[in-house]
Amino acid sequence: MRALALYGAATTLGSLVLTALAAAPAGSVNTPLTPALHGSPEAHGTQLAAERARKSGVRFGPCPASESLPAPIRCGTVKVPLDYAAPDGKQIDLTVSRLTTTQRAGRQGALVYNPGGPGASSMYFPLVAGLAEWKKIAAAYDLVGYSPRGVGRSAPLSCMDPEDFAQAPTQSPVHPSDSYKKERIARAKTYAQGCARNAGPALRHYTSLNNVRDLEVLRAALAEPKLNFVGASYGTYFGGVYATLFPSHVRRMVFDSVVNPDPSRIWYRNNLDQSAAFESRWADFRTWVAKHDKTYGLGDTADAVAHSYAKVRAELSVRPAGGKVGPGQLQAAYLQTGYYDEVWATRASALSAYVKGNPAPLIEQAAPRPENARANENGNAVYTAVECNDATWPTDFRTWDRDNSQLAERAPFETWDNAWMNLPCAYWPAPRQQPVDVRAERGALPPTLILAAERDAATPYQGALELQERLPGAALVTERDAGTHGIGGGPNACVNKHLETYLLTGKTPVRRASCAPHQEPNPVSLDGRALPKRIPAAV
């Protein structure tokens, strides 16, 4: 899955800056792993590491300045084995943040949040205590965020120089030529080699399975007998893996915007599904812009707006705005419209201003920011390592070329850019794993809650239906005819009520419930710095 944060566009949400936030032959099918993993050396290592963590706990203290987290939020670290098959070997430190509830009488434990990615940190999560949507939850739980292995200060992974990663302007052809494809193949090989060179033997240990084991160790370190967890986007996938491997350790678990856990779709097929879904969501944005043509002047039909966008894209390919915004940067900025309709007005305003001769808003919103280069490169490195390690990928570019060329005929907006981001997996030097067969026996888990928007592009709705079938007793809350990615704690009061009720009482709808869509964005010109306060999911 493609992580929004990896595009280098930082989003300011109100007063909070939440920056998200052995190869098989081509065409092979993943044969899933099952809970037989329980008898493996890694399972023994996880048990040993969790017991050590339970005894040592987490020594929380003031957060370092680099985290920008004010008191009373506290920070600490948890030691986990790099390799769970060798629990006495090299250890790495995972950074953790916590805001302790002041209402001790009704405390329900620690609530751990993961925003997805892979490659995103949730160190900022305790800040949501200041948001109205989270007030009652923050009164009942300690709010805990953390940086997964490889992310931020948690044994950071890097595959290339951050300045080179942030190079701009770049091209982004909708239907790439053969010469451009050869260029991207070379870049993908170089990137994969850089990951191997920088990480060495450790590269193979950046996996979803190890993220799950780390979460189990974190639970023990927090002295929690059972886990309370909210996972968004990719966080739903390793939340599902956790529920599969440690069902008796789950107390509350929320899956917000669900990755399809079907092992046959991890990860190559899921990315194709995602690219197809973005085409529909891109059309939603253009339809909204057309409806407000009097405000933006970009066309009174979705096709007319597409024509305006294509003209801007063509101009930027020969005359980058501000010397930094080319088609690649334009695409990165407007991909956000597929994730969050809260940015629709700012993006429409910037495109309108550019067409009228003022490139400043577009430059402000789309140009890469040097101060974000290191974090963006780090997030991309972890994303790539986890997805490439997790499953088999086609190793013959002809397979990629066939599948993406066919898809781009009907879904050109995102298809090839998504393919280029994942192409290093075709040339990955580390051994591949097989995906876990996410599922639970009836009665093995307490009630769990799934949240999904019907038109979500980053994690198409089918994933929520698939997960519900695999986890008996899971309840699904659907936001109808909406496409925001990560809906818990967002603008929909109905969704938030279900989330709050579940976390506070454990009660869920009988099986399925639906909520009307949240209100469409107001078509006003904004400056891109004052968006609604919410937690971004990253996939």
# chains A, B, ... in the order shown; residues from 1 in each chain; ligands from 1
$ residues_around --residues "Arg219 of chain A" --least-positions-apart "3" --cutoff "12 Å" --atoms "only C-alpha atoms" --output "ChimeraX atom specification"
/A:46-47,49-54,57-58,78,80,96,109-113,144-146,212-216,222-229,242,246,249-251
$ select_by_dssp --residues "segment 90-238 of chain A" --states "strand (DSSP E or B)" --output "list in words"
Gln91, Ile92, Asp93, Leu94, Thr95, Val96, Ser97, Arg98, Leu99, Ala110, Leu111, Val112, Tyr113, Asn114, Gly116, Asp142, Leu143, Val144, Gly145, Tyr146, Leu227, Asn228, Phe229, Val230, Gly231, Ala232 and Ser233 of chain A
$ select_by_dssp --residues "segment 228-433 of chain A" --states "alpha helix (DSSP H)" --output "ChimeraX atom specification"
/A:234-245,268-291,293-296,302-318,327-335,344-355,360-366,373-390,397-410,415-422
$ closest_residue --among "A:Asp178, A:Tyr461, A:Gly323, A:Tyr141" --to "Ala105 of chain A" --atoms "only C-alpha atoms"
A:Tyr141
$ residues_around --residues "segment 413-430 of chain A" --least-positions-apart "5" --cutoff "8 Å" --atoms "only C-alpha atoms" --output "number ranges by chain"
A: 2, 22, 172-176, 184-185, 188-189, 191-193, 196, 203-204, 271-272, 275-276, 278-279, 282, 335, 384, 387-389, 393-397, 400, 404, 407-408
$ write_last_selection --atoms "N, CA, C and O atoms" --output "compact mmCIF listing (two decimals), in the first residue's frame"
# COMPACT_ATOMS: atom_id res chain seq x y z
N ARG A 2 0.42 2.26 -0.66
CA ARG A 2 1.22 3.46 -0.77
C ARG A 2 0.92 4.42 0.36
O ARG A 2 -0.22 4.83 0.57
N ALA A 22 13.31 -15.39 -0.05
CA ALA A 22 13.70 -16.14 -1.27
C ALA A 22 12.62 -15.92 -2.31
O ALA A 22 11.50 -16.32 -2.11
N SER A 172 6.34 12.54 -14.17
CA SER A 172 5.36 11.55 -13.73
C SER A 172 4.44 11.20 -14.90
O SER A 172 3.25 11.50 -14.90
N PRO A 173 4.99 10.54 -15.93
CA PRO A 173 4.17 10.25 -17.12
C PRO A 173 3.04 9.27 -16.82
O PRO A 173 3.23 8.27 -16.14
N VAL A 174 1.87 9.58 -17.34
CA VAL A 174 0.71 8.71 -17.16
C VAL A 174 0.88 7.41 -17.94
O VAL A 174 0.53 6.33 -17.45
N HIS A 175 1.45 7.52 -19.14
CA HIS A 175 1.74 6.33 -19.96
C HIS A 175 3.22 6.39 -20.33
O HIS A 175 3.60 6.94 -21.37
N PRO A 176 4.09 5.83 -19.48
CA PRO A 176 5.53 5.99 -19.65
C PRO A 176 6.07 5.30 -20.90
O PRO A 176 5.57 4.26 -21.33
N ARG A 184 13.43 3.83 -14.68
CA ARG A 184 12.85 3.50 -13.38
C ARG A 184 13.28 2.12 -12.90
O ARG A 184 13.41 1.90 -11.68
N ILE A 185 13.50 1.19 -13.80
CA ILE A 185 14.03 -0.11 -13.41
C ILE A 185 15.41 0.05 -12.78
O ILE A 185 15.71 -0.52 -11.74
N ALA A 188 15.09 1.54 -9.36
CA ALA A 188 14.57 0.57 -8.40
C ALA A 188 15.66 -0.39 -7.94
O ALA A 188 15.77 -0.72 -6.75
N LYS A 189 16.48 -0.84 -8.87
CA LYS A 189 17.59 -1.73 -8.52
C LYS A 189 18.58 -1.02 -7.59
O LYS A 189 19.04 -1.59 -6.60
N TYR A 191 17.97 1.48 -5.63
CA TYR A 191 17.36 1.70 -4.32
C TYR A 191 17.40 0.43 -3.47
O TYR A 191 17.75 0.46 -2.29
N ALA A 192 17.04 -0.70 -4.06
CA ALA A 192 17.08 -1.97 -3.32
C ALA A 192 18.49 -2.28 -2.85
O ALA A 192 18.70 -2.75 -1.72
N GLN A 193 19.47 -2.02 -3.70
CA GLN A 193 20.87 -2.24 -3.30
C GLN A 193 21.27 -1.31 -2.16
O GLN A 193 22.02 -1.71 -1.26
N ALA A 196 20.02 -2.72 1.11
CA ALA A 196 20.85 -3.84 1.54
C ALA A 196 22.20 -3.36 2.06
O ALA A 196 22.71 -3.86 3.07
N LEU A 203 18.39 -6.15 7.41
CA LEU A 203 17.30 -5.79 6.50
C LEU A 203 16.16 -6.79 6.55
O LEU A 203 14.99 -6.39 6.50
N ARG A 204 16.45 -8.04 6.67
CA ARG A 204 15.42 -9.08 6.63
C ARG A 204 14.48 -9.04 7.83
O ARG A 204 13.42 -9.67 7.83
N ASN A 271 -1.83 -3.41 -4.06
CA ASN A 271 -1.43 -2.15 -4.67
C ASN A 271 -2.14 -1.90 -5.99
O ASN A 271 -2.50 -0.77 -6.31
N LEU A 272 -2.39 -2.95 -6.76
CA LEU A 272 -3.17 -2.79 -7.98
C LEU A 272 -4.61 -2.38 -7.64
O LEU A 272 -5.20 -1.50 -8.29
N SER A 275 -4.66 1.31 -6.73
CA SER A 275 -4.55 2.20 -7.89
C SER A 275 -5.88 2.32 -8.62
O SER A 275 -6.26 3.41 -9.07
N ALA A 276 -6.60 1.21 -8.74
CA ALA A 276 -7.91 1.25 -9.39
C ALA A 276 -8.89 2.10 -8.58
O ALA A 276 -9.66 2.88 -9.14
N PHE A 278 -8.24 4.59 -6.58
CA PHE A 278 -7.92 6.02 -6.60
C PHE A 278 -8.55 6.71 -7.81
O PHE A 278 -8.83 7.91 -7.77
N GLU A 279 -8.75 5.97 -8.88
CA GLU A 279 -9.36 6.59 -10.06
C GLU A 279 -10.77 7.08 -9.74
O GLU A 279 -11.17 8.19 -10.13
N TRP A 282 -10.51 10.11 -7.36
CA TRP A 282 -10.07 11.28 -8.12
C TRP A 282 -11.26 11.86 -8.89
O TRP A 282 -11.42 13.09 -8.98
N LEU A 335 -2.64 13.75 -5.01
CA LEU A 335 -3.00 12.43 -4.50
C LEU A 335 -3.69 12.56 -3.14
O LEU A 335 -4.53 11.74 -2.77
N THR A 384 9.22 0.29 2.21
CA THR A 384 9.74 -0.62 1.19
C THR A 384 10.23 -1.92 1.81
O THR A 384 9.92 -3.02 1.32
N GLU A 387 7.18 -4.15 3.13
CA GLU A 387 6.35 -4.75 2.09
C GLU A 387 7.15 -5.73 1.23
O GLU A 387 6.63 -6.78 0.82
N CYS A 388 8.39 -5.42 0.95
CA CYS A 388 9.20 -6.34 0.14
C CYS A 388 9.53 -7.62 0.91
O CYS A 388 9.58 -8.71 0.32
N ASN A 389 9.76 -7.50 2.21
CA ASN A 389 10.08 -8.68 3.03
C ASN A 389 8.88 -9.56 3.31
O ASN A 389 9.00 -10.77 3.51
N TRP A 393 6.88 -11.22 -4.60
CA TRP A 393 6.54 -10.22 -5.61
C TRP A 393 6.99 -10.74 -6.97
O TRP A 393 7.95 -11.52 -7.05
N PRO A 394 6.35 -10.32 -8.05
CA PRO A 394 6.87 -10.69 -9.37
C PRO A 394 8.30 -10.18 -9.54
O PRO A 394 8.61 -9.03 -9.19
N THR A 395 9.17 -11.02 -10.05
CA THR A 395 10.57 -10.63 -10.25
C THR A 395 10.90 -10.34 -11.70
O THR A 395 12.03 -9.96 -12.01
N ASP A 396 9.93 -10.50 -12.58
CA ASP A 396 10.11 -10.20 -14.00
C ASP A 396 9.34 -8.92 -14.31
O ASP A 396 8.11 -8.86 -14.13
N PHE A 397 10.02 -7.89 -14.78
CA PHE A 397 9.34 -6.61 -15.03
C PHE A 397 8.23 -6.76 -16.06
O PHE A 397 7.28 -5.96 -16.07
N TRP A 400 4.99 -6.76 -14.25
CA TRP A 400 4.61 -5.42 -13.81
C TRP A 400 4.11 -4.59 -15.00
O TRP A 400 3.11 -3.87 -14.89
N ASN A 404 0.27 -3.24 -15.04
CA ASN A 404 0.08 -1.80 -14.85
C ASN A 404 -0.30 -1.09 -16.14
O ASN A 404 -1.04 -0.12 -16.11
N LEU A 407 -4.01 -1.77 -16.44
CA LEU A 407 -4.76 -1.00 -15.45
C LEU A 407 -4.77 0.48 -15.78
O LEU A 407 -5.79 1.17 -15.61
N ALA A 408 -3.65 1.00 -16.27
CA ALA A 408 -3.55 2.43 -16.57
C ALA A 408 -4.48 2.86 -17.69
O ALA A 408 -4.80 4.05 -17.81
$ atom_distance --atom1 "atom CA of His44 of chain A" --atom2 "atom CA of Tyr206 of chain A"
18.6 Å
$ residues_around --residues "segment 85-95 of chain A" --least-positions-apart "4" --cutoff "6 Å" --atoms "only C-alpha atoms" --output "mmCIF file with all heavy atoms, in the first residue's frame"
data_model
loop_
_atom_site.group_PDB
_atom_site.id
_atom_site.type_symbol
_atom_site.label_atom_id
_atom_site.label_comp_id
_atom_site.auth_asym_id
_atom_site.auth_seq_id
_atom_site.Cartn_x
_atom_site.Cartn_y
_atom_site.Cartn_z
ATOM 1 N N PRO A 41 10.957 -20.843 16.815
ATOM 2 C CA PRO A 41 11.947 -20.151 17.659
ATOM 3 C C PRO A 41 11.579 -18.687 17.893
ATOM 4 O O PRO A 41 11.821 -18.145 18.978
ATOM 5 C CB PRO A 41 13.236 -20.277 16.850
ATOM 6 C CG PRO A 41 13.040 -21.482 15.988
ATOM 7 C CD PRO A 41 11.585 -21.503 15.651
ATOM 8 N N GLU A 42 10.983 -18.052 16.873
ATOM 9 C CA GLU A 42 10.567 -16.661 17.048
ATOM 10 C C GLU A 42 9.478 -16.529 18.110
ATOM 11 O O GLU A 42 9.445 -15.542 18.855
ATOM 12 C CB GLU A 42 10.059 -16.096 15.717
ATOM 13 C CG GLU A 42 11.141 -15.861 14.676
ATOM 14 C CD GLU A 42 11.494 -17.106 13.876
ATOM 15 O OE1 GLU A 42 10.918 -18.182 14.149
ATOM 16 O OE2 GLU A 42 12.338 -16.997 12.969
ATOM 17 N N GLY A 45 11.190 -16.680 21.365
ATOM 18 C CA GLY A 45 11.908 -15.426 21.578
ATOM 19 C C GLY A 45 10.978 -14.292 21.964
ATOM 20 O O GLY A 45 11.321 -13.436 22.792
ATOM 21 N N GLY A 76 9.772 7.354 26.514
ATOM 22 C CA GLY A 76 10.700 6.332 26.979
ATOM 23 C C GLY A 76 11.054 5.394 25.833
ATOM 24 O O GLY A 76 10.731 5.669 24.671
ATOM 25 N N THR A 77 11.695 4.293 26.173
ATOM 26 C CA THR A 77 12.072 3.302 25.159
ATOM 27 C C THR A 77 11.789 1.894 25.665
ATOM 28 O O THR A 77 11.741 1.644 26.871
ATOM 29 C CB THR A 77 13.568 3.400 24.790
ATOM 30 O OG1 THR A 77 14.360 3.188 25.954
ATOM 31 C CG2 THR A 77 13.897 4.764 24.191
ATOM 32 N N VAL A 78 11.584 0.995 24.714
ATOM 33 C CA VAL A 78 11.392 -0.425 24.996
ATOM 34 C C VAL A 78 12.394 -1.205 24.164
ATOM 35 O O VAL A 78 12.504 -0.980 22.955
ATOM 36 C CB VAL A 78 9.958 -0.869 24.647
ATOM 37 C CG1 VAL A 78 9.821 -2.378 24.790
ATOM 38 C CG2 VAL A 78 8.947 -0.165 25.517
ATOM 39 N N LYS A 79 13.114 -2.111 24.791
ATOM 40 C CA LYS A 79 14.076 -2.936 24.069
ATOM 41 C C LYS A 79 13.379 -4.152 23.478
ATOM 42 O O LYS A 79 12.614 -4.847 24.164
ATOM 43 C CB LYS A 79 15.212 -3.376 24.987
ATOM 44 C CG LYS A 79 16.175 -2.267 25.349
ATOM 45 C CD LYS A 79 17.429 -2.810 26.015
ATOM 46 C CE LYS A 79 18.395 -1.676 26.348
ATOM 47 N NZ LYS A 79 18.869 -0.988 25.117
ATOM 48 N N VAL A 80 13.678 -4.421 22.202
ATOM 49 C CA VAL A 80 13.173 -5.617 21.534
ATOM 50 C C VAL A 80 14.325 -6.259 20.776
ATOM 51 O O VAL A 80 15.265 -5.573 20.360
ATOM 52 C CB VAL A 80 12.025 -5.285 20.558
ATOM 53 C CG1 VAL A 80 10.840 -4.671 21.283
ATOM 54 C CG2 VAL A 80 12.500 -4.363 19.441
ATOM 55 N N PRO A 81 14.287 -7.575 20.584
ATOM 56 C CA PRO A 81 15.342 -8.225 19.795
ATOM 57 C C PRO A 81 15.242 -7.831 18.323
ATOM 58 O O PRO A 81 14.141 -7.750 17.779
ATOM 59 C CB PRO A 81 15.067 -9.719 19.972
ATOM 60 C CG PRO A 81 14.101 -9.827 21.109
ATOM 61 C CD PRO A 81 13.323 -8.555 21.130
ATOM 62 N N TYR A 146 3.947 5.263 19.532
ATOM 63 C CA TYR A 146 5.307 4.712 19.427
ATOM 64 C C TYR A 146 5.779 4.760 17.987
ATOM 65 O O TYR A 146 4.994 4.925 17.057
ATOM 66 C CB TYR A 146 5.370 3.286 19.969
ATOM 67 C CG TYR A 146 4.747 2.223 19.089
ATOM 68 C CD1 TYR A 146 5.543 1.299 18.412
ATOM 69 C CD2 TYR A 146 3.367 2.133 18.947
ATOM 70 C CE1 TYR A 146 4.983 0.315 17.612
ATOM 71 C CE2 TYR A 146 2.788 1.153 18.147
ATOM 72 C CZ TYR A 146 3.598 0.247 17.488
ATOM 73 O OH TYR A 146 3.036 -0.727 16.689
ATOM 74 N N SER A 147 7.070 4.637 17.818
ATOM 75 C CA SER A 147 7.670 4.524 16.496
ATOM 76 C C SER A 147 8.074 3.070 16.281
ATOM 77 O O SER A 147 8.916 2.543 17.022
ATOM 78 C CB SER A 147 8.901 5.429 16.363
ATOM 79 O OG SER A 147 8.517 6.784 16.304
ATOM 80 N N SER A 154 13.706 4.920 16.348
ATOM 81 C CA SER A 154 13.673 3.489 16.658
ATOM 82 C C SER A 154 14.552 2.711 15.688
ATOM 83 O O SER A 154 14.073 2.073 14.740
ATOM 84 C CB SER A 154 12.231 2.975 16.615
ATOM 85 O OG SER A 154 11.432 3.588 17.595
#
$ closest_residue --among "A:Ser352, A:Ser405, A:Asn260, A:Ser280" --to "Asp481 of chain A" --atoms "only C-alpha atoms"
A:Ser280
$ closest_atom_pairs --of "segment 354-396 of chain A" --to "segment 330-333 of chain A" --cutoff "9 Å" --atoms "only C-alpha atoms" --output "Markdown table"
| residue | atom | partner | partner_atom | distance |
| --- | --- | --- | --- | --- |
| A:Leu362 | CA | A:Leu330 | CA | 8.2 |
| A:Gln365 | CA | A:Ala333 | CA | 6.8 |
| A:Ala366 | CA | A:Ala333 | CA | 5.2 |
| A:Ala367 | CA | A:Leu330 | CA | 8.4 |
$ closest_residue --among "A:Asn376, A:Asp273, A:Ala440, A:Gly486" --to "Gly235 of chain A" --atoms "only C-alpha atoms"
A:Gly486
$ atom_distance --atom1 "atom CA of Thr346 of chain A" --atom2 "atom CA of Gln171 of chain A"
22.9 Å
$ residues_around --residues "segment 444-448 of chain A" --least-positions-apart "4" --cutoff "7 Å" --atoms "only C-alpha atoms" --output "list in words"
Pro247, Ser248, Val250, Arg251, Arg252, Met253, Val254, Ala440, Gly473, Ala474 and Ala475 of chain A
$ residues_around --residues "Ala373 of chain A" --least-positions-apart "5" --cutoff "7 Å" --atoms "only C-alpha atoms" --output "PyMOL selection string"
chain A and resi 162-163+166
$ write_last_selection --atoms "N, CA and C atoms" --output "mmCIF file, in the first residue's frame"
data_model
loop_
_atom_site.group_PDB
_atom_site.id
_atom_site.type_symbol
_atom_site.label_atom_id
_atom_site.label_comp_id
_atom_site.auth_asym_id
_atom_site.auth_seq_id
_atom_site.Cartn_x
_atom_site.Cartn_y
_atom_site.Cartn_z
ATOM 1 N N PRO A 162 18.882 11.447 1.928
ATOM 2 C CA PRO A 162 17.604 12.152 1.939
ATOM 3 C C PRO A 162 17.522 13.277 0.915
ATOM 4 N N GLU A 163 18.624 13.966 0.661
ATOM 5 C CA GLU A 163 18.590 15.046 -0.319
ATOM 6 C C GLU A 163 18.326 14.509 -1.718
ATOM 7 N N ALA A 166 14.654 13.586 -2.049
ATOM 8 C CA ALA A 166 13.760 14.738 -2.186
ATOM 9 C C ALA A 166 14.016 15.544 -3.453
#
$ atom_distance --atom1 "atom CA of Trp267 of chain A" --atom2 "atom CA of Arg402 of chain A"
17.2 Å
$ closest_residue --among "A:Ala452, A:Leu99, A:Ala199, A:Val318" --to "Ser158 of chain A" --atoms "only C-alpha atoms"
A:Ala199
$ residues_around --residues "His498 of chain A" --least-positions-apart "3" --cutoff "9 Å" --atoms "only C-alpha atoms" --output "list in words"
Leu449, Val477, Ala493, Cys494, Val495, Thr501, Tyr502, Leu503, Lys507, Thr508 and Pro509 of chain A
$ closest_residue --among "A:Gly39, A:Pro361, A:Pro72, A:Pro263" --to "Asp142 of chain A" --atoms "only C-alpha atoms"
A:Pro72
$ closest_residue --among "A:Gln329, A:Asn380, A:Thr478, A:Gln274" --to "Ala458 of chain A" --atoms "only C-alpha atoms"
A:Gln274
$ decode --residues "segment 456-466 of chain A" --atoms "all heavy atoms" --output "PDB file, in the first residue's frame"
ATOM      1  N   ASP A 456     -13.376   4.683   0.205  1.00  0.00           N
ATOM      2  CA  ASP A 456     -11.956   4.813   0.542  1.00  0.00           C
ATOM      3  C   ASP A 456     -11.113   4.239  -0.595  1.00  0.00           C
ATOM      4  O   ASP A 456     -11.334   3.118  -1.043  1.00  0.00           O
ATOM      5  CB  ASP A 456     -11.689   4.062   1.847  1.00  0.00           C
ATOM      6  CG  ASP A 456     -10.262   4.204   2.360  1.00  0.00           C
ATOM      7  OD1 ASP A 456      -9.414   4.819   1.676  1.00  0.00           O
ATOM      8  OD2 ASP A 456      -9.984   3.694   3.461  1.00  0.00           O
ATOM      9  N   ALA A 457     -10.145   5.025  -1.067  1.00  0.00           N
ATOM     10  CA  ALA A 457      -9.291   4.566  -2.166  1.00  0.00           C
ATOM     11  C   ALA A 457      -8.026   3.892  -1.661  1.00  0.00           C
ATOM     12  O   ALA A 457      -7.555   2.914  -2.247  1.00  0.00           O
ATOM     13  CB  ALA A 457      -8.920   5.747  -3.064  1.00  0.00           C
ATOM     14  N   ALA A 458      -7.457   4.397  -0.581  1.00  0.00           N
ATOM     15  CA  ALA A 458      -6.190   3.854  -0.094  1.00  0.00           C
ATOM     16  C   ALA A 458      -6.354   2.430   0.412  1.00  0.00           C
ATOM     17  O   ALA A 458      -5.469   1.582   0.220  1.00  0.00           O
ATOM     18  CB  ALA A 458      -5.635   4.752   1.012  1.00  0.00           C
ATOM     19  N   THR A 459      -7.491   2.159   1.053  1.00  0.00           N
ATOM     20  CA  THR A 459      -7.823   0.796   1.486  1.00  0.00           C
ATOM     21  C   THR A 459      -9.254   0.518   1.034  1.00  0.00           C
ATOM     22  O   THR A 459     -10.208   0.800   1.754  1.00  0.00           O
ATOM     23  CB  THR A 459      -7.710   0.637   3.024  1.00  0.00           C
ATOM     24  OG1 THR A 459      -8.424   1.706   3.668  1.00  0.00           O
ATOM     25  CG2 THR A 459      -6.254   0.681   3.462  1.00  0.00           C
ATOM     26  N   PRO A 460      -9.420  -0.005  -0.175  1.00  0.00           N
ATOM     27  CA  PRO A 460     -10.762  -0.212  -0.716  1.00  0.00           C
ATOM     28  C   PRO A 460     -11.669  -1.027   0.221  1.00  0.00           C
ATOM     29  O   PRO A 460     -11.208  -1.888   0.978  1.00  0.00           O
ATOM     30  CB  PRO A 460     -10.496  -0.952  -2.030  1.00  0.00           C
ATOM     31  CG  PRO A 460      -9.126  -0.488  -2.432  1.00  0.00           C
ATOM     32  CD  PRO A 460      -8.370  -0.354  -1.142  1.00  0.00           C
ATOM     33  N   TYR A 461     -12.952  -0.741   0.138  1.00  0.00           N
ATOM     34  CA  TYR A 461     -13.950  -1.249   1.089  1.00  0.00           C
ATOM     35  C   TYR A 461     -13.975  -2.772   1.175  1.00  0.00           C
ATOM     36  O   TYR A 461     -14.298  -3.342   2.221  1.00  0.00           O
ATOM     37  CB  TYR A 461     -15.327  -0.715   0.683  1.00  0.00           C
ATOM     38  CG  TYR A 461     -16.437  -1.033   1.642  1.00  0.00           C
ATOM     39  CD1 TYR A 461     -16.468  -0.490   2.930  1.00  0.00           C
ATOM     40  CD2 TYR A 461     -17.480  -1.878   1.250  1.00  0.00           C
ATOM     41  CE1 TYR A 461     -17.507  -0.773   3.799  1.00  0.00           C
ATOM     42  CE2 TYR A 461     -18.524  -2.164   2.114  1.00  0.00           C
ATOM     43  CZ  TYR A 461     -18.532  -1.611   3.392  1.00  0.00           C
ATOM     44  OH  TYR A 461     -19.564  -1.894   4.261  1.00  0.00           O
ATOM     45  N   GLN A 462     -13.613  -3.453   0.110  1.00  0.00           N
ATOM     46  CA  GLN A 462     -13.618  -4.914   0.117  1.00  0.00           C
ATOM     47  C   GLN A 462     -12.749  -5.464   1.242  1.00  0.00           C
ATOM     48  O   GLN A 462     -13.019  -6.539   1.782  1.00  0.00           O
ATOM     49  CB  GLN A 462     -13.134  -5.452  -1.234  1.00  0.00           C
ATOM     50  CG  GLN A 462     -13.091  -6.967  -1.333  1.00  0.00           C
ATOM     51  CD  GLN A 462     -14.435  -7.624  -1.112  1.00  0.00           C
ATOM     52  OE1 GLN A 462     -15.465  -7.095  -1.536  1.00  0.00           O
ATOM     53  NE2 GLN A 462     -14.452  -8.776  -0.449  1.00  0.00           N
ATOM     54  N   GLY A 463     -11.697  -4.721   1.607  1.00  0.00           N
ATOM     55  CA  GLY A 463     -10.833  -5.177   2.681  1.00  0.00           C
ATOM     56  C   GLY A 463     -11.550  -5.290   4.010  1.00  0.00           C
ATOM     57  O   GLY A 463     -11.304  -6.218   4.797  1.00  0.00           O
ATOM     58  N   ALA A 464     -12.469  -4.356   4.283  1.00  0.00           N
ATOM     59  CA  ALA A 464     -13.239  -4.409   5.528  1.00  0.00           C
ATOM     60  C   ALA A 464     -14.160  -5.617   5.541  1.00  0.00           C
ATOM     61  O   ALA A 464     -14.305  -6.302   6.571  1.00  0.00           O
ATOM     62  CB  ALA A 464     -14.042  -3.124   5.680  1.00  0.00           C
ATOM     63  N   LEU A 465     -14.792  -5.896   4.400  1.00  0.00           N
ATOM     64  CA  LEU A 465     -15.665  -7.062   4.314  1.00  0.00           C
ATOM     65  C   LEU A 465     -14.873  -8.351   4.501  1.00  0.00           C
ATOM     66  O   LEU A 465     -15.323  -9.296   5.170  1.00  0.00           O
ATOM     67  CB  LEU A 465     -16.386  -7.075   2.964  1.00  0.00           C
ATOM     68  CG  LEU A 465     -17.276  -5.859   2.670  1.00  0.00           C
ATOM     69  CD1 LEU A 465     -17.850  -5.967   1.261  1.00  0.00           C
ATOM     70  CD2 LEU A 465     -18.377  -5.732   3.701  1.00  0.00           C
ATOM     71  N   GLU A 466     -13.683  -8.401   3.904  1.00  0.00           N
ATOM     72  CA  GLU A 466     -12.830  -9.590   4.018  1.00  0.00           C
ATOM     73  C   GLU A 466     -12.402  -9.819   5.460  1.00  0.00           C
ATOM     74  O   GLU A 466     -12.437 -10.954   5.976  1.00  0.00           O
ATOM     75  CB  GLU A 466     -11.602  -9.431   3.121  1.00  0.00           C
ATOM     76  CG  GLU A 466     -10.645 -10.617   3.135  1.00  0.00           C
ATOM     77  CD  GLU A 466     -11.179 -11.844   2.425  1.00  0.00           C
ATOM     78  OE1 GLU A 466     -12.047 -11.694   1.535  1.00  0.00           O
ATOM     79  OE2 GLU A 466     -10.730 -12.961   2.753  1.00  0.00           O
TER      80      GLU A 466
END
